[in-house]
Amino acid sequence: MSVTENSAGAAVIRPFTVEIPEADIEALRARVAATCWPSKELVDDASQGVQQAMLQELARYWAADYDWRRCEAELNALPQYKTEIDGVDIHFIHVKSPHENALPLIITHGWPGSVIEMLGLVGPLTDPTAHGGQAEAAFDLVIPSIPGYGFSGQPKETGWDPGRIAQAWAELMRRLGYTRYVAQGGDQGASITDAMARQAPEGLAGIHLNLLTFFPTRERTPRHSRRSPPSSSGVISLRCPSTHRRSASP
């Protein structure tokens, strides 16, 4: 992975503040309000899909009632940064626990989502004693935006799959000075977190997933296997790499 460096030779980590121009917000509201709606469904229930009245009410809420500035203020109340990794600006939230010996934790959001999904976790995980927990359960949190999502930059080349993002996350944790940490992910974030475990970067002590991803693979069955279908040259099997790894671990 390439590293952005300053004159001192250290990776550059820049403070970041969310500041969306008011003109952009008004333009988005106008586009939502100008939605061209299809004809109403022919039934009184949801058997033909999401009902038009529900969608129209949702659009009205986003165009008229939703307060982006409140969300913006909630984001800006937390320490946010950007750093360039492998040619892409990576946005992340970094909140250190007030408790000593807090375990560093990098959490990856899903699709279609953003770091906003994780805002409710910041207080309980960084300061558990303020939420009825124990100091021993405290974490230093790193919450990055996946490339192309939120406030991270958009890759200018193909290849930013979960494995490549996993390498970027390991580099991010290295730049932050963490020598031992854990990782968590759900949805698309689970694929990235699983890839981190497979790559086993120095310092990664463990992972937690709230989604197990299955990939179908075609495997040729041994000719003399009693499990081999008599008229088939192969079988389709489903493997869960994460489950296999966990079952093989001590």
# chains A, B, ... in the order shown; residues from 1 in each chain; ligands from 1
$ closest_atom_pairs --of "range 38-103 of chain A" --to "range 135-152 of chain A" --cutoff "6 Å" --atoms "only C-alpha atoms" --output "CSV"
residue,atom,partner,partner_atom,distance
A:Asp89,CA,A:Ser152,CA,5.6
A:Ile90,CA,A:Ser152,CA,4.7
A:His91,CA,A:Ser152,CA,4.7
A:Phe92,CA,A:Pro144,CA,3.9
A:Ile93,CA,A:Ile143,CA,5.0
A:His94,CA,A:Val142,CA,4.6
A:Val95,CA,A:Leu141,CA,5.2
A:Lys96,CA,A:Asp140,CA,4.4
A:Ser97,CA,A:Asp140,CA,5.1
A:Ala102,CA,A:Phe139,CA,4.7
A:Leu103,CA,A:Phe139,CA,4.6
$ write_last_selection --atoms "C-alpha atoms" --output "PDB file, in the first residue's frame"
ATOM      1  CA  ASP A  89      -8.771   9.614   0.668  1.00  0.00           C
ATOM      2  CA  ILE A  90     -10.146   7.595   3.590  1.00  0.00           C
ATOM      3  CA  HIS A  91     -12.515   9.350   5.990  1.00  0.00           C
ATOM      4  CA  PHE A  92     -12.807   7.998   9.514  1.00  0.00           C
ATOM      5  CA  ILE A  93     -14.049   8.795  12.995  1.00  0.00           C
ATOM      6  CA  HIS A  94     -11.525   8.193  15.776  1.00  0.00           C
ATOM      7  CA  VAL A  95     -12.741   8.366  19.373  1.00  0.00           C
ATOM      8  CA  LYS A  96     -10.409   7.388  22.200  1.00  0.00           C
ATOM      9  CA  SER A  97     -11.793   6.014  25.440  1.00  0.00           C
ATOM     10  CA  ALA A 102      -9.006   0.408  26.162  1.00  0.00           C
ATOM     11  CA  LEU A 103      -8.910  -2.119  23.320  1.00  0.00           C
TER      12      LEU A 103
END
$ select_by_dssp --residues "range 33-228 of chain A" --states "strand (DSSP E or B)" --output "PyMOL selection string"
chain A and resi 80-85+88-95+103-108+139-144+181-185+204-209+215-219
$ write_last_selection --atoms "N, CA and C atoms" --output "short mmCIF file (atom, residue, chain, number, x, y, z; two decimals), in the first residue's frame"
data_model
loop_
_atom_site.label_atom_id
_atom_site.label_comp_id
_atom_site.auth_asym_id
_atom_site.auth_seq_id
_atom_site.Cartn_x
_atom_site.Cartn_y
_atom_site.Cartn_z
N GLN A 80 -13.05 13.64 13.56
CA GLN A 80 -13.04 13.04 12.23
C GLN A 80 -11.75 13.41 11.51
N TYR A 81 -11.32 12.51 10.64
CA TYR A 81 -10.05 12.72 9.96
C TYR A 81 -10.13 12.14 8.55
N LYS A 82 -9.12 12.48 7.75
CA LYS A 82 -8.90 11.86 6.45
C LYS A 82 -7.41 11.55 6.30
N THR A 83 -7.15 10.47 5.59
CA THR A 83 -5.77 10.14 5.25
C THR A 83 -5.79 9.42 3.91
N GLU A 84 -4.78 9.64 3.09
CA GLU A 84 -4.73 9.00 1.78
C GLU A 84 -4.02 7.66 1.87
N ILE A 85 -4.71 6.61 1.41
CA ILE A 85 -4.14 5.27 1.39
C ILE A 85 -4.32 4.70 -0.01
N VAL A 88 -6.41 6.82 -2.40
CA VAL A 88 -7.81 7.17 -2.08
C VAL A 88 -7.86 7.83 -0.72
N ASP A 89 -8.56 8.95 -0.62
CA ASP A 89 -8.77 9.61 0.67
C ASP A 89 -9.74 8.78 1.51
N ILE A 90 -9.31 8.38 2.68
CA ILE A 90 -10.15 7.59 3.59
C ILE A 90 -10.60 8.48 4.74
N HIS A 91 -11.92 8.60 4.88
CA HIS A 91 -12.51 9.35 5.99
C HIS A 91 -12.76 8.39 7.14
N PHE A 92 -12.52 8.85 8.36
CA PHE A 92 -12.81 8.00 9.51
C PHE A 92 -13.05 8.83 10.76
N ILE A 93 -13.84 8.25 11.66
CA ILE A 93 -14.05 8.80 13.00
C ILE A 93 -13.10 8.07 13.94
N HIS A 94 -12.48 8.81 14.83
CA HIS A 94 -11.53 8.19 15.78
C HIS A 94 -11.80 8.76 17.17
N VAL A 95 -12.39 7.94 18.02
CA VAL A 95 -12.74 8.37 19.37
C VAL A 95 -11.99 7.49 20.37
N LEU A 103 -9.29 -1.31 24.47
CA LEU A 103 -8.91 -2.12 23.32
C LEU A 103 -9.30 -1.40 22.03
N PRO A 104 -8.35 -1.15 21.13
CA PRO A 104 -8.70 -0.52 19.85
C PRO A 104 -9.60 -1.43 19.01
N LEU A 105 -10.63 -0.83 18.43
CA LEU A 105 -11.61 -1.57 17.64
C LEU A 105 -11.92 -0.78 16.37
N ILE A 106 -11.77 -1.42 15.22
CA ILE A 106 -12.15 -0.80 13.95
C ILE A 106 -13.46 -1.44 13.49
N ILE A 107 -14.48 -0.60 13.26
CA ILE A 107 -15.82 -1.06 12.88
C ILE A 107 -16.12 -0.60 11.46
N THR A 108 -16.59 -1.53 10.62
CA THR A 108 -16.89 -1.21 9.23
C THR A 108 -18.38 -1.30 8.97
N PHE A 139 -13.43 0.53 24.62
CA PHE A 139 -12.72 0.46 23.34
C PHE A 139 -12.31 1.86 22.88
N ASP A 140 -11.19 1.93 22.19
CA ASP A 140 -10.86 3.07 21.33
C ASP A 140 -11.47 2.75 19.98
N LEU A 141 -12.31 3.65 19.45
CA LEU A 141 -13.04 3.34 18.22
C LEU A 141 -12.44 4.01 16.99
N VAL A 142 -12.32 3.24 15.93
CA VAL A 142 -11.97 3.74 14.60
C VAL A 142 -13.10 3.30 13.67
N ILE A 143 -13.79 4.27 13.06
CA ILE A 143 -14.95 3.96 12.22
C ILE A 143 -14.72 4.60 10.84
N PRO A 144 -14.19 3.85 9.89
CA PRO A 144 -13.89 4.42 8.57
C PRO A 144 -15.08 4.34 7.61
N TYR A 181 -5.16 -4.82 18.06
CA TYR A 181 -6.52 -4.33 17.90
C TYR A 181 -7.43 -5.44 17.43
N VAL A 182 -8.75 -5.17 17.44
CA VAL A 182 -9.74 -6.11 16.94
C VAL A 182 -10.60 -5.40 15.90
N ALA A 183 -11.40 -6.17 15.16
CA ALA A 183 -12.20 -5.61 14.07
C ALA A 183 -13.60 -6.19 14.10
N GLN A 184 -14.57 -5.39 13.66
CA GLN A 184 -15.97 -5.81 13.62
C GLN A 184 -16.60 -5.32 12.33
N GLY A 185 -17.53 -6.12 11.80
CA GLY A 185 -18.23 -5.69 10.60
C GLY A 185 -19.52 -6.46 10.39
N LEU A 204 -3.64 -7.59 14.45
CA LEU A 204 -5.06 -7.97 14.51
C LEU A 204 -5.21 -9.18 15.42
N ALA A 205 -5.93 -8.99 16.54
CA ALA A 205 -6.05 -10.05 17.54
C ALA A 205 -7.31 -10.88 17.39
N GLY A 206 -8.33 -10.35 16.70
CA GLY A 206 -9.58 -11.09 16.56
C GLY A 206 -10.61 -10.28 15.81
N ILE A 207 -11.68 -10.95 15.39
CA ILE A 207 -12.76 -10.27 14.67
C ILE A 207 -14.11 -10.69 15.22
N HIS A 208 -15.13 -9.86 14.93
CA HIS A 208 -16.52 -10.19 15.24
C HIS A 208 -17.35 -9.85 14.02
N LEU A 209 -18.21 -10.80 13.57
CA LEU A 209 -19.07 -10.58 12.42
C LEU A 209 -20.52 -10.73 12.85
N PHE A 215 -20.28 -18.29 -0.12
CA PHE A 215 -19.98 -18.20 -1.53
C PHE A 215 -20.11 -19.58 -2.16
N PRO A 216 -20.94 -19.74 -3.20
CA PRO A 216 -21.04 -21.05 -3.85
C PRO A 216 -19.77 -21.36 -4.63
N THR A 217 -19.28 -22.57 -4.51
CA THR A 217 -18.10 -22.99 -5.25
C THR A 217 -18.38 -24.33 -5.90
N ARG A 218 -17.88 -24.53 -7.12
CA ARG A 218 -18.05 -25.80 -7.81
C ARG A 218 -16.80 -26.63 -7.59
N GLU A 219 -16.99 -27.81 -7.02
CA GLU A 219 -15.87 -28.69 -6.75
C GLU A 219 -16.09 -30.02 -7.45
#
$ closest_residue --among "A:Gln154, A:Asn101, A:Thr179, A:Asn76" --to "Glu202 in chain A" --atoms "only C-alpha atoms"
A:Thr179
$ atom_distance --atom1 "CA of Ile192 in chain A" --atom2 "CA of Gly87 in chain A"
18.7 Å
$ atom_distance --atom1 "CA of Leu78 in chain A" --atom2 "CA of Val122 in chain A"
9.1 Å
$ closest_residue --among "A:Ala34, A:Ile25, A:Leu212, A:Ala195" --to "Asp67 in chain A" --atoms "only C-alpha atoms"
A:Ile25
$ closest_residue --among "A:Glu19, A:Glu41, A:Met118, A:Arg31" --to "Ala73 in chain A" --atoms "only C-alpha atoms"
A:Glu19
